[in-house]
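Asker: Sharing input24.txt (compact mmCIF, C-alpha atoms and all ligand atoms) below.
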```txt
# COMPACT_ATOMS: atom_id res chain seq x y z
CA MET A 1 137.21 71.18 32.73
CA SER A 2 138.70 74.64 32.63
CA GLY A 3 138.13 76.87 29.58
CA LYS A 4 140.39 76.91 26.53
CA LYS A 5 143.86 78.04 27.52
CA VAL A 6 145.42 80.91 25.62
CA LEU A 7 148.91 80.19 24.46
CA LYS A 8 151.58 82.61 25.67
CA TYR A 9 154.49 83.40 23.40
CA ALA A 10 157.79 85.20 23.72
CA CYS A 11 159.70 86.44 20.69
CA ASP A 12 163.15 87.97 20.35
CA LEU A 13 162.79 88.91 16.70
CA ASP A 14 160.64 91.83 15.79
CA LYS A 15 159.87 90.44 12.32
CA SER A 16 156.39 90.68 10.88
CA VAL A 17 156.45 87.08 9.64
CA THR A 18 156.68 85.84 13.23
CA VAL A 19 154.73 88.36 15.31
CA THR A 20 151.82 88.72 12.85
CA ASN A 21 151.46 84.99 12.84
CA PHE A 22 151.36 84.67 16.63
CA GLU A 23 148.85 87.49 16.91
CA ARG A 24 146.54 86.03 14.26
CA ARG A 25 146.43 82.89 16.34
CA GLY A 26 145.18 84.94 19.28
CA TRP A 27 148.28 84.15 21.32
CA THR A 28 149.32 86.48 24.15
CA CYS A 29 152.75 88.12 24.15
CA VAL A 30 154.81 87.78 27.36
CA GLY A 31 158.41 88.53 28.32
CA ASN A 32 161.04 85.84 27.82
CA ASP A 33 161.54 85.60 31.59
CA GLU A 34 157.85 84.91 32.07
CA ASP A 35 155.69 81.88 31.78
CA TRP A 36 155.72 81.41 27.96
CA ASN A 37 154.56 78.30 26.11
CA PHE A 38 156.26 79.09 22.82
CA TYR A 39 159.48 81.01 22.45
CA TRP A 40 160.96 82.14 19.10
CA ALA A 41 164.40 82.96 20.40
CA THR A 42 167.79 84.01 19.10
CA VAL A 43 170.63 81.53 19.52
CA GLN A 44 172.09 83.80 22.23
CA SER A 45 168.87 83.63 24.28
CA VAL A 46 168.79 79.86 23.92
CA ARG A 47 172.35 79.66 25.15
CA ASN A 48 171.31 81.61 28.27
CA LEU A 49 168.16 79.56 28.68
CA PHE A 50 170.13 76.32 28.83
CA SER A 51 173.09 77.75 30.70
CA VAL A 52 173.91 75.98 33.97
CA ASP A 53 173.92 79.36 35.70
CA ASN A 54 170.31 79.95 34.77
CA SER A 55 167.69 78.99 37.32
CA TYR A 56 164.86 78.94 34.73
CA ARG A 57 163.41 75.43 34.51
CA MET A 58 161.18 74.53 31.59
CA THR A 59 157.91 72.74 32.13
CA ASP A 60 156.14 70.21 29.91
CA ASP A 61 154.07 72.88 28.15
CA GLN A 62 157.01 74.88 26.80
CA VAL A 63 158.80 74.69 23.47
CA VAL A 64 161.64 76.74 21.98
CA ASN A 65 163.02 77.03 18.45
CA HIS A 66 166.65 75.86 18.92
CA PHE A 67 168.40 72.81 20.30
CA PRO A 68 170.92 73.72 23.02
CA ASN A 69 174.02 72.65 21.03
CA HIS A 70 172.73 73.14 17.48
CA TYR A 71 176.20 74.55 16.66
CA GLU A 72 177.42 70.97 16.22
CA LEU A 73 175.61 71.25 12.88
CA THR A 74 175.47 74.98 12.27
CA ARG A 75 179.08 76.01 12.89
CA LYS A 76 181.06 75.49 9.70
CA ASP A 77 184.00 73.70 11.33
CA LEU A 78 181.92 71.50 13.65
CA MET A 79 179.60 70.38 10.85
CA VAL A 80 182.59 69.17 8.84
CA LYS A 81 184.15 67.52 11.88
CA ASN A 82 180.93 65.65 12.67
CA ILE A 83 180.37 64.53 9.07
CA LYS A 84 183.97 63.29 8.85
CA ARG A 85 183.51 61.36 12.08
CA PHE A 86 180.19 59.92 10.88
CA ARG A 87 181.84 58.61 7.70
CA ARG A 88 184.72 57.07 9.66
CA ASP A 89 182.26 55.37 12.03
CA LEU A 90 180.26 53.90 9.15
CA GLU A 91 183.48 52.73 7.55
CA LYS A 92 184.58 51.02 10.78
CA GLU A 93 181.31 49.14 11.05
CA GLY A 94 181.70 48.00 7.43
CA ASN A 95 178.60 49.84 6.26
CA PRO A 96 178.36 49.74 2.44
CA LEU A 97 177.49 53.46 2.43
CA ALA A 98 181.09 54.18 3.41
CA GLU A 99 182.44 52.53 0.26
CA LYS A 100 185.41 54.33 -1.35
CA ASP A 101 186.72 54.43 -4.91
CA GLU A 102 190.30 53.57 -5.93
CA THR A 103 191.46 57.14 -5.15
CA GLY A 104 190.17 56.87 -1.57
CA ARG A 105 187.16 59.12 -2.13
CA TYR A 106 183.83 58.17 -0.54
CA ILE A 107 181.49 57.10 -3.32
CA HIS A 108 178.19 57.88 -1.57
CA LEU A 109 179.20 60.12 1.33
CA ASP A 110 181.16 62.66 -0.67
CA PHE A 111 178.58 65.42 -0.24
CA ILE A 112 180.64 68.22 1.29
CA PRO A 113 183.59 69.86 -0.50
CA VAL A 114 186.98 68.72 0.86
CA THR A 115 187.53 70.96 3.89
CA PHE A 116 190.26 71.67 6.44
CA MET A 117 190.30 73.76 9.61
CA LEU A 118 192.79 76.56 9.75
CA PRO A 119 195.14 77.00 11.41
CA ALA A 120 194.89 73.51 12.96
CA ASP A 121 195.03 71.48 9.72
CA TYR A 122 197.39 73.76 7.81
CA ASN A 123 199.91 71.01 6.98
CA LEU A 124 197.20 68.64 5.78
CA PHE A 125 195.81 71.41 3.61
CA VAL A 126 199.20 72.14 2.03
CA GLU A 127 199.62 68.46 1.24
CA GLU A 128 196.22 68.41 -0.48
CA PHE A 129 196.81 71.72 -2.26
CA ARG A 130 200.09 70.48 -3.76
CA LYS A 131 198.34 67.48 -5.32
CA ASN A 132 196.42 69.89 -7.49
CA PRO A 133 198.15 73.27 -7.44
CA SER A 134 195.87 74.90 -10.00
CA SER A 135 192.75 74.53 -7.86
CA THR A 136 190.80 77.28 -6.14
CA TRP A 137 189.90 77.21 -2.44
CA ILE A 138 187.50 79.28 -0.39
CA MET A 139 188.38 80.62 3.07
CA LYS A 140 185.51 81.19 5.50
CA PRO A 141 185.63 82.43 9.09
CA CYS A 142 183.84 79.94 11.40
CA GLY A 143 182.15 82.57 13.51
CA LYS A 144 180.63 84.75 10.76
CA ALA A 145 177.71 84.64 8.33
CA ARG A 146 176.21 86.48 5.32
CA GLY A 147 179.38 86.13 3.28
CA ILE A 148 181.38 88.30 5.70
CA GLY A 149 185.14 87.65 5.77
CA ILE A 150 185.09 85.13 2.89
CA PHE A 151 187.77 85.11 0.19
CA LEU A 152 189.07 82.84 -2.54
CA ILE A 153 192.67 81.76 -3.05
CA ASN A 154 194.53 79.81 -5.70
CA LYS A 155 198.10 80.20 -4.44
CA LEU A 156 199.69 79.22 -1.14
CA SER A 157 201.35 82.62 -0.97
CA GLN A 158 197.90 84.22 -0.55
CA LEU A 159 197.34 82.11 2.54
CA LYS A 160 200.73 83.02 3.91
CA LYS A 161 199.94 86.68 3.35
CA TRP A 162 196.63 86.24 5.16
CA SER A 163 198.34 84.59 8.10
CA ARG A 164 200.87 87.44 8.30
CA ASP A 165 198.15 90.08 8.10
CA SER A 166 195.76 88.45 10.55
CA LYS A 167 196.22 89.43 14.14
CA THR A 168 197.21 85.97 15.34
CA ASN A 169 200.34 86.29 13.23
CA THR A 170 201.35 82.68 13.76
CA PHE A 171 199.64 79.38 13.20
CA THR A 172 199.42 78.61 16.90
CA ALA A 173 196.80 78.86 19.66
CA PRO A 174 194.09 80.85 17.90
CA SER A 175 190.88 81.73 19.64
CA ALA A 176 187.61 80.41 18.20
CA LYS A 177 186.93 83.67 16.40
CA ASP A 178 190.17 83.40 14.44
CA THR A 179 189.49 79.93 13.09
CA TYR A 180 188.64 79.40 9.46
CA VAL A 181 187.59 76.55 7.27
CA ILE A 182 189.15 76.24 3.86
CA SER A 183 187.12 74.27 1.34
CA ARG A 184 187.65 73.20 -2.21
CA TYR A 185 185.85 75.78 -4.31
CA ILE A 186 183.13 74.25 -6.46
CA ASP A 187 184.29 75.94 -9.66
CA ASN A 188 181.83 74.21 -11.98
CA PRO A 189 178.49 75.35 -10.54
CA LEU A 190 175.36 74.74 -12.57
CA LEU A 191 174.64 78.06 -14.29
CA ILE A 192 171.28 79.41 -15.33
CA GLY A 193 171.37 82.41 -17.66
CA GLY A 194 175.14 82.26 -17.15
CA LYS A 195 174.80 82.98 -13.43
CA LYS A 196 175.77 81.04 -10.35
CA PHE A 197 173.12 80.29 -7.74
CA ASP A 198 172.66 78.21 -4.64
CA LEU A 199 169.66 76.77 -2.88
CA ARG A 200 168.21 77.78 0.45
CA LEU A 201 166.13 74.90 1.75
CA TYR A 202 164.31 74.88 5.08
CA VAL A 203 164.43 71.72 7.12
CA LEU A 204 162.50 71.28 10.35
CA VAL A 205 163.82 68.86 12.96
CA THR A 206 161.43 67.97 15.79
CA SER A 207 163.58 65.25 17.33
CA TYR A 208 167.11 63.87 16.92
CA ARG A 209 166.63 60.58 18.74
CA PRO A 210 164.63 59.16 17.05
CA LEU A 211 165.40 61.46 14.12
CA LYS A 212 162.28 63.18 12.75
CA CYS A 213 162.71 65.83 10.05
CA TYR A 214 160.65 67.62 7.42
CA MET A 215 161.47 69.41 4.18
CA PHE A 216 159.69 72.68 3.41
CA ARG A 217 158.61 72.60 -0.24
CA LEU A 218 158.91 76.36 -0.81
CA GLY A 219 162.67 76.72 -0.79
CA PHE A 220 164.38 79.04 -3.25
CA CYS A 221 167.44 79.67 -5.41
CA ARG A 222 169.60 82.74 -4.79
CA PHE A 223 171.27 84.07 -7.93
CA CYS A 224 174.38 86.13 -8.37
CA THR A 225 173.82 89.45 -10.16
CA VAL A 226 176.92 89.11 -12.35
CA LYS A 227 177.64 86.35 -14.88
CA TYR A 228 179.87 83.56 -13.61
CA ASN A 229 183.46 83.64 -14.67
CA ALA A 230 185.99 81.15 -13.31
CA SER A 231 188.90 83.32 -14.48
CA THR A 232 191.45 83.98 -11.76
CA THR A 233 191.30 87.72 -12.39
CA GLU A 234 187.76 87.67 -10.97
CA LEU A 235 188.63 85.73 -7.81
CA ASP A 236 188.05 88.74 -5.61
CA ASN A 237 184.74 89.74 -7.21
CA MET A 238 182.21 88.56 -4.65
CA PHE A 239 179.26 89.41 -6.92
CA VAL A 240 180.47 86.53 -9.12
CA HIS A 241 181.17 83.94 -6.44
CA LEU A 242 179.00 84.44 -3.34
CA THR A 243 175.25 83.97 -3.62
CA ASN A 244 174.34 85.56 -0.26
CA VAL A 245 171.44 87.99 -0.69
CA SER A 246 173.14 90.33 1.80
CA ILE A 247 175.99 90.66 -0.72
CA GLN A 248 174.08 90.54 -4.00
CA LYS A 249 171.58 93.22 -2.96
CA HIS A 250 174.42 95.75 -3.17
CA GLY A 251 175.13 94.76 -6.79
CA ASP A 252 174.28 97.29 -9.53
CA ASP A 253 172.05 94.77 -11.28
CA TYR A 254 170.12 93.63 -8.20
CA ASN A 255 166.44 93.28 -9.10
CA GLN A 256 164.12 94.59 -6.37
CA VAL A 257 161.09 92.79 -7.78
CA HIS A 258 162.27 89.19 -7.72
CA GLY A 259 165.27 89.81 -5.47
CA GLY A 260 167.47 87.48 -7.53
CA LYS A 261 165.36 84.56 -6.37
CA TRP A 262 163.66 81.64 -8.05
CA THR A 263 161.45 79.12 -6.32
CA VAL A 264 162.74 75.57 -6.05
CA HIS A 265 159.61 74.60 -7.93
CA ASN A 266 160.69 76.77 -10.90
CA LEU A 267 164.14 75.24 -10.79
CA LYS A 268 162.61 71.78 -10.91
CA VAL A 269 160.41 72.62 -13.88
CA PHE A 270 163.37 74.24 -15.66
CA LEU A 271 165.62 71.23 -15.10
CA GLU A 272 162.93 68.77 -16.14
CA GLY A 273 162.57 70.74 -19.37
CA THR A 274 166.26 71.14 -20.11
CA ARG A 275 167.81 67.97 -18.65
CA GLY A 276 164.91 65.56 -18.29
CA LYS A 277 162.74 64.27 -15.48
CA GLU A 278 164.85 61.30 -14.50
CA VAL A 279 168.06 63.22 -13.74
CA THR A 280 166.04 65.97 -12.03
CA ASP A 281 164.34 63.46 -9.76
CA LYS A 282 167.70 61.93 -8.97
CA LEU A 283 169.13 65.37 -8.13
CA PHE A 284 166.30 66.05 -5.67
CA ASP A 285 166.64 62.58 -4.17
CA ASP A 286 170.37 63.15 -3.77
CA MET A 287 169.74 66.49 -2.07
CA HIS A 288 167.32 64.94 0.40
CA TRP A 289 169.74 62.11 1.00
CA CYS A 290 172.60 64.47 1.81
CA ILE A 291 170.40 66.48 4.21
CA VAL A 292 169.27 63.35 6.05
CA ASN A 293 172.85 62.16 6.35
CA SER A 294 174.06 65.52 7.66
CA LEU A 295 171.41 65.19 10.39
CA LYS A 296 172.33 61.58 11.12
CA ALA A 297 175.94 62.73 11.46
CA VAL A 298 175.01 64.92 14.45
CA SER A 299 172.07 62.98 15.88
CA GLY A 300 174.32 61.34 18.45
CA VAL A 301 175.94 64.56 19.68
CA ILE A 302 173.02 66.99 19.81
CA ALA A 303 171.27 67.17 23.17
CA ASN A 304 167.85 65.84 22.25
CA ASP A 305 165.92 68.13 24.56
CA ARG A 306 162.18 67.47 24.21
CA HIS A 307 161.39 71.18 24.50
CA CYS A 308 163.24 71.96 21.29
CA PHE A 309 162.61 72.04 17.59
CA GLU A 310 164.63 73.83 14.95
CA VAL A 311 164.22 75.14 11.39
CA TYR A 312 167.55 75.03 9.60
CA GLY A 313 168.47 76.96 6.48
CA TYR A 314 170.45 74.61 4.26
CA ASP A 315 172.82 76.12 1.67
CA ILE A 316 173.34 73.74 -1.25
CA ILE A 317 175.23 74.23 -4.51
CA ILE A 318 174.48 72.11 -7.56
CA ASP A 319 177.40 71.54 -9.92
CA ASP A 320 177.19 71.17 -13.69
CA ASN A 321 177.08 67.37 -13.34
CA LEU A 322 173.88 67.88 -11.28
CA LYS A 323 175.62 66.78 -8.11
CA PRO A 324 174.50 68.64 -4.98
CA TRP A 325 177.09 69.85 -2.46
CA LEU A 326 176.20 70.76 1.10
CA ILE A 327 177.82 74.12 1.83
CA GLU A 328 176.56 75.03 5.29
CA VAL A 329 173.61 74.82 7.65
CA ASN A 330 172.21 77.95 9.32
CA ALA A 331 170.52 77.95 12.71
CA SER A 332 168.81 81.29 12.13
CA PRO A 333 168.00 81.54 8.44
CA SER A 334 167.06 85.10 7.58
CA LEU A 335 163.44 86.06 8.26
CA THR A 336 163.88 89.40 6.56
CA SER A 337 161.65 89.64 3.51
CA THR A 338 163.18 91.11 0.37
CA THR A 339 160.07 90.84 -1.85
CA SER A 340 156.37 90.29 -1.29
CA SER A 341 156.47 86.63 -2.35
CA ASP A 342 159.41 86.21 -0.01
CA ARG A 343 157.28 87.55 2.84
CA ILE A 344 154.40 85.23 2.02
CA MET A 345 156.71 82.23 1.80
CA LYS A 346 158.41 83.00 5.13
CA TYR A 347 155.06 83.58 6.79
CA LYS A 348 153.95 80.13 5.59
CA MET A 349 157.18 78.61 6.84
CA ILE A 350 156.56 79.95 10.37
CA ASN A 351 152.90 79.00 10.18
CA ASP A 352 153.51 75.43 9.03
CA THR A 353 156.32 75.01 11.54
CA ILE A 354 153.97 75.89 14.40
CA ASN A 355 151.32 73.50 13.06
CA VAL A 356 153.85 70.67 13.04
CA VAL A 357 155.30 71.29 16.51
CA ILE A 358 152.06 72.06 18.39
CA PRO A 359 148.90 69.99 17.88
CA PRO A 360 146.14 72.36 16.64
CA GLY A 361 144.26 74.27 19.33
CA GLU A 362 146.39 72.81 22.10
CA LEU A 363 149.22 73.95 24.30
CA PRO A 364 152.66 72.48 23.58
CA ASP A 365 153.22 69.16 25.33
CA VAL A 366 156.68 67.63 25.36
CA ARG A 367 155.20 64.23 26.25
CA TRP A 368 153.52 64.15 22.84
CA ASN A 369 154.87 61.52 20.41
CA LYS A 370 155.58 64.20 17.76
CA VAL A 371 153.61 62.53 15.02
CA PRO A 372 151.58 65.39 13.50
CA ALA A 373 148.41 64.74 11.51
CA LYS A 374 148.90 64.79 7.73
CA GLU A 375 146.65 67.88 7.45
CA SER A 376 148.98 69.77 9.80
CA LEU A 377 152.02 69.47 7.57
CA GLY A 378 151.07 72.29 5.18
CA ASN A 379 154.05 72.79 2.87
CA TYR A 380 156.23 70.37 4.81
CA ASP A 381 156.92 66.84 3.58
CA LEU A 382 158.23 64.18 5.90
CA LEU A 383 161.90 63.75 5.01
CA TYR A 384 162.87 61.06 7.48
CA ASP A 385 161.34 59.40 10.50
CA GLU A 386 163.69 56.99 12.19
CA ASP A 387 160.80 55.07 13.74
CA LEU A 388 159.24 54.52 10.31
CA ALA A 389 162.61 53.67 8.80
CA GLN A 390 163.04 50.94 11.44
CA THR A 391 159.79 49.32 10.34
CA ASP A 392 160.98 49.66 6.72
CA ILE A 393 164.19 47.84 7.59
CA LEU A 394 162.18 44.99 9.10
CA ALA A 395 160.10 44.78 5.93
CA GLN A 396 163.30 44.96 3.93
CA ASP A 397 164.82 42.00 5.79
CA VAL A 398 161.81 39.92 5.03
CA LYS A 399 161.84 40.94 1.36
CA GLY A 400 165.60 40.48 1.21
CA ARG A 401 165.26 36.91 2.45
CA LEU A 402 162.38 36.24 0.09
CA THR A 403 164.17 37.53 -2.97
CA THR A 404 167.35 35.61 -2.22
CA THR A 405 165.39 32.35 -2.34
CA ILE A 406 164.20 33.07 -5.88
CA PRO A 407 166.83 31.84 -8.33
CA GLY A 408 167.96 34.45 -10.79
CA SER A 409 166.19 37.28 -8.96
CA ARG A 410 167.77 40.71 -8.83
CA ALA A 411 168.04 40.37 -5.06
CA GLY A 412 171.09 42.59 -4.76
CA LYS A 413 169.55 45.41 -6.77
CA ASP A 414 166.22 45.12 -4.95
CA ARG A 415 167.92 45.27 -1.60
CA GLN A 416 169.92 48.28 -2.66
CA ARG A 417 166.77 50.05 -3.79
CA LEU A 418 164.99 49.20 -0.54
CA ALA A 419 167.93 50.40 1.50
CA GLN A 420 167.65 53.75 -0.29
CA ALA A 421 163.94 53.96 0.53
CA THR A 422 164.64 53.92 4.24
CA TRP A 423 165.80 57.54 4.30
CA LYS A 424 162.58 58.75 2.77
N1 LIG B 1 182.98 75.38 -1.48
C1 LIG B 1 182.30 76.32 -2.14
N2 LIG B 1 182.26 76.32 -3.49
C2 LIG B 1 181.60 77.29 -4.18
N3 LIG B 1 180.94 78.30 -3.58
C3 LIG B 1 180.93 78.36 -2.23
C4 LIG B 1 181.60 77.37 -1.44
N4 LIG B 1 181.43 77.69 -0.13
C5 LIG B 1 180.68 78.81 -0.12
N5 LIG B 1 180.38 79.22 -1.37
C6 LIG B 1 179.59 80.42 -1.73
O1 LIG B 1 179.76 81.36 -0.70
C7 LIG B 1 178.51 81.64 -0.05
C8 LIG B 1 178.73 81.86 1.43
O2 LIG B 1 179.29 80.70 2.02
P1 LIG B 1 178.67 80.08 3.32
O3 LIG B 1 179.47 78.88 3.68
O4 LIG B 1 177.21 79.87 3.14
O5 LIG B 1 178.98 81.20 4.42
P2 LIG B 1 178.05 82.35 5.07
O6 LIG B 1 177.87 81.91 6.49
O7 LIG B 1 178.86 83.59 5.00
O8 LIG B 1 176.77 82.40 4.31
C9 LIG B 1 177.64 80.44 -0.38
O9 LIG B 1 176.28 80.79 -0.33
C10 LIG B 1 178.10 80.10 -1.78
O10 LIG B 1 177.51 80.93 -2.75
MG MG B 2 175.47 80.76 3.89
```
Can you give me the file's structure in the form of structure tokens?
Ligand SMILES: Nc1ncnc2c1ncn2[C@@H]1O[C@H](COP(=O)(O)OP(=O)(O)O)[C@@H](O)[C@H]1O
Ligand SMILES: [Mg+2]
Answerer:
Amino acid sequence: MSGKKVLKYACDLDKSVTVTNFERRGWTCVGNDEDWNFYWATVQSVRNLFSVDNSYRMTDDQVVNHFPNHYELTRKDLMVKNIKRFRRDLEKEGNPLAEKDETGRYIHLDFIPVTFMLPADYNLFVEEFRKNPSSTWIMKPCGKARGIGIFLINKLSQLKKWSRDSKTNTFTAPSAKDTYVISRYIDNPLLIGGKKFDLRLYVLVTSYRPLKCYMFRLGFCRFCTVKYNASTTELDNMFVHLTNVSIQKHGDDYNQVHGGKWTVHNLKVFLEGTRGKEVTDKLFDDMHWCIVNSLKAVSGVIANDRHCFEVYGYDIIIDDNLKPWLIEVNASPSLTSTTSSDRIMKYKMINDTINVVIPPGELPDVRWNKVPAKESLGNYDLLYDEDLAQTDILAQDVKGRLTTTIPGSRAGKDRQRLAQATWK
């Protein structure tokens, strides 16, 4: 046997939460064109890595932190397109999850705000807008992040003005960078201390087929610095409406100590105290359910390369009925630390991610079955494992048959409950 092999890493991001971690593990730094085992790359580098023009061929002992076409989930327009298609497919196969109410709204799968692509779906949008002309909509450029280029509208004339002012000038043949999504603005967000916030949750996917994903327990809430006000005179005040830290940190009332952040744990304790444990548990279950379904919606289209894993930053808004709404999924959630607890949390996120994707003390091995030991999970909880869910479904069938033979049993309810358990 040869001696213990030292793992070689490449890293595009010069962030302390990544590099310090790799160094503490005794890993050796190499260039990204060298013989690395672990590569923390930008999405641009991953695009080059998987490009057909590239002669670099990965071996079994190499892993990288993005899937080649992650944008199917992480580009605002494509995420919506894939979720819409997923719902239609479930509906076609008669799946009870795709059930609709009398107004045609999905009862269970209504977890993203109504969204249209612009300019492509302009006419559909106008039709929807006219049904409810007093509503507010949010315009977001597909190719940008950190709140850049976002604005709110509540009149069609504002959209017409935008189309006149934008360089394309007409609603035809735009390039990808000129496309927008327009979504119904969630105007009744849950407020704490009068302020709007959203959640940033980290979700690790180690495989899409079968789907295997993990939820990082140390997510956080990002608060606005200014009290929420749905009044139309404040529509252009981004300190009221956008929770991005990159925007809020320029606010006069930005707090350097806590950075406008609360841990998800604090949120949970607060909600249990103010609203009760049962509804809080349901909210967290609903959030997990919507994340799993967003991943299922793309599991058929993402190239399930065995060299890849990915940590997504989920943006979720909770409304005042405690319903979670999926806003967007980020492929490169910020690793910049705004406070010291932020740095510790992000360090743990990188650390736990590595422990899940590489068996301890070993080199990566893409032939591995990707079932980490319980002790390796750290702050991650298993969110969904399609293999396990399959065994659950088998058990469910048996139980379903058993319960139906018992007269007067609550077979339907039991089956419904069991069906819900399969996404856990
Ligand atoms: N439909 C919506 N309803 C209410 N607020 C929204 C909605 N969409 C986005 N926001 C707010 O705007 C912020 C930025 O939107 P997001 O889609 O995450 O784009 P970005 O890529 O710029 O972060 C969100 O974090 C949230 O605070
Ligand atoms: Mg965002």
Asker: Taking all listed atoms of ligand LIG 1 (chain B), build the axis-aligned box, pad each of the six sides by 4 Å, then write its centre and edge lengths in Å to one decimal as JSON.
Answerer:
```
{"center_x": 179.6, "center_y": 79.5, "center_z": 1.2, "size_x": 14.7, "size_y": 16.2, "size_z": 18.7}
```
Asker: Counting all atoms listed in the file, which of A:Thr391, A:Asn379, A:Thr339, A:Val6 gets nearest to Phe22 of chain A?
Answerer: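 Result for the nearest residue to Phe22 of chain A: A:Val6.
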Asker: Kindly give the distance, in Å, that separates atom CA of Thr336 of chain A and atom CA of Val43 of chain A, rounded to a single decimal.
Answerer: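 Answer for the atom CA of Thr336 of chain A to atom CA of Val43 of chain A separation: 16.6 Å.
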Asker: Counting only C-alpha atoms and all ligand atoms, name the residues that have an atom within 7 Å of an atom of ligand LIG 1 (chain B); the answer should be given as an mmCIF file with C-alpha atoms, in the frame of the given file.
Answerer:
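And here is the file that came out, result19.cif:
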```cif
data_model
loop_
_atom_site.group_PDB
_atom_site.id
_atom_site.type_symbol
_atom_site.label_atom_id
_atom_site.label_comp_id
_atom_site.auth_asym_id
_atom_site.auth_seq_id
_atom_site.Cartn_x
_atom_site.Cartn_y
_atom_site.Cartn_z
ATOM 1 C CA PRO A 113 183.590 69.860 -0.500
ATOM 2 C CA ILE A 138 187.500 79.280 -0.390
ATOM 3 C CA LYS A 140 185.510 81.190 5.500
ATOM 4 C CA LYS A 144 180.630 84.750 10.760
ATOM 5 C CA ALA A 145 177.710 84.640 8.330
ATOM 6 C CA ARG A 146 176.210 86.480 5.320
ATOM 7 C CA GLY A 147 179.380 86.130 3.280
ATOM 8 C CA ILE A 148 181.380 88.300 5.700
ATOM 9 C CA ILE A 150 185.090 85.130 2.890
ATOM 10 C CA SER A 183 187.120 74.270 1.340
ATOM 11 C CA ARG A 184 187.650 73.200 -2.210
ATOM 12 C CA TYR A 185 185.850 75.780 -4.310
ATOM 13 C CA ILE A 186 183.130 74.250 -6.460
ATOM 14 C CA ASP A 187 184.290 75.940 -9.660
ATOM 15 C CA PHE A 197 173.120 80.290 -7.740
ATOM 16 C CA ASP A 198 172.660 78.210 -4.640
ATOM 17 C CA HIS A 241 181.170 83.940 -6.440
ATOM 18 C CA LEU A 242 179.000 84.440 -3.340
ATOM 19 C CA THR A 243 175.250 83.970 -3.620
ATOM 20 C CA ASN A 244 174.340 85.560 -0.260
ATOM 21 C CA ASP A 315 172.820 76.120 1.670
ATOM 22 C CA ILE A 327 177.820 74.120 1.830
ATOM 23 C CA GLU A 328 176.560 75.030 5.290
#
```
Asker: Using all atoms listed in the file, find the one residue out of A:Arg200, A:Arg105, A:Arg85, A:Arg25 that sits nearest to ligand MG 2 (chain B).
Answerer: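 Among the listed residues, A:Arg200 lies closest to ligand MG 2 (chain B).
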Asker: Measuring atom to atom with all atoms listed in the file, identify which of A:Leu211, A:Glu278, A:Lys268, A:Phe223 is nearest to Asp253 of chain A.
Answerer: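 Nearest candidate to Asp253 of chain A out of A:Leu211, A:Glu278, A:Lys268, A:Phe223: A:Phe223.
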Asker: As an exercise, work out the distance from atom CA of Tyr9 of chain A to atom CA of Asp352 of chain A in Å and give it to one decimal place.
Answerer: 16.5 Å
Asker: Could you tell me how far atom CA of Val329 of chain A lies from atom CA of Val114 of chain A, in Å and to one decimal?
Answerer: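 Value for the atom CA of Val329 of chain A-atom CA of Val114 of chain A distance: 16.2 Å.
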Asker: Which of these residues is nearest to ligand MG 2 (chain B), using only C-alpha atoms and all ligand atoms: A:Ala373, A:Val298, A:Ile247, A:Met345?
Answerer: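 When distances to ligand MG 2 (chain B) are compared using only C-alpha atoms and all ligand atoms, the smallest one comes from A:Ile247.
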Asker: Taking 5 positions as the minimum chain separation for residues in the same chain, which residues sit within 9 Å of Gly260 of chain A when counting only C-alpha atoms? Answer as an MDAnalysis selection string.
Answerer: chainID A and resid 221:225 245 248:249 254:255
Asker: Which residue gives the smallest distance to ligand MG 2 (chain B) among A:Asn48, A:Ser246, A:Thr338, A:Asn69, with only C-alpha atoms and all ligand atoms counted?
Answerer: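 The shortest atom-to-atom distance to ligand MG 2 (chain B) comes from A:Ser246.
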Asker: When you count only C-alpha atoms and all ligand atoms, which of these residues is closest to ligand MG 2 (chain B): A:Ile316, A:Val371, A:Leu190, A:Val126?
Answerer: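 The closest residue to ligand MG 2 (chain B) is A:Ile316.
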Asker: Residues near Asp342 of chain A, anyone? I mean within 12 Å using all atoms listed in the file, not counting same-chain ones fewer than 4 positions away, as a PyMOL selection string.
Answerer: chain A and resi 17+218-222+256-263+334-338+346-349
Asker: Around the point (175.2, 80.9, -13.2), in the coordinates given by the file, pick out the residues reaching within 9 Å, counting all atoms listed in the file, and return them as a list of chain:residue names.
Answerer: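 Output: A:Pro189, A:Leu190, A:Leu191, A:Ile192, A:Gly193, A:Gly194, A:Lys195, A:Lys196, A:Phe197, A:Phe223, A:Cys224, A:Val226, A:Lys227, A:Tyr228, A:Asn229, A:Val240.
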Asker: Need the neighbours of (164.1, 71.6, 20.9): which residues are at most 6 Å away, counting all atoms listed in the file, as a list in words?
Answerer: Val64, His66, Phe67, Asp305, Arg306, His307, Cys308 and Phe309 of chain A
Asker: Applying 10 Å and all atoms listed in the file, which residues near Asp381 of chain A remain after dropping the ones on its own chain fewer than 5 positions away? List them as a list in words.
Answerer: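 Within the cut-off, the hits are Val203, Leu204, Cys213, Tyr214, Met215, Phe216, Arg217, Lys374 and Lys424 of chain A.
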Asker: Identify, on the basis of only C-alpha atoms, every residue whose closest approach to Asp61 of chain A does not exceed 9 Å; exclude the query and any residue fewer than 2 positions from it along the same chain; express the result as a PyMOL selection string.
Answerer: chain A and resi 36-38+58-59+63+307+363-367
Asker: Can you pull out the residues contacting Arg87 of chain A? Cut-off 9 Å, using all atoms listed in the file, and skip same-chain residues under 5 positions away; I want them as an mmCIF file with C-alpha atoms, in the coordinates of the input.
Answerer:
```cif
data_model
loop_
_atom_site.group_PDB
_atom_site.id
_atom_site.type_symbol
_atom_site.label_atom_id
_atom_site.label_comp_id
_atom_site.auth_asym_id
_atom_site.auth_seq_id
_atom_site.Cartn_x
_atom_site.Cartn_y
_atom_site.Cartn_z
ATOM 1 C CA ASN A 82 180.930 65.650 12.670
ATOM 2 C CA LYS A 92 184.580 51.020 10.780
ATOM 3 C CA LEU A 97 177.490 53.460 2.430
ATOM 4 C CA ALA A 98 181.090 54.180 3.410
ATOM 5 C CA TYR A 106 183.830 58.170 -0.540
ATOM 6 C CA LEU A 109 179.200 60.120 1.330
ATOM 7 C CA ALA A 297 175.940 62.730 11.460
#
```
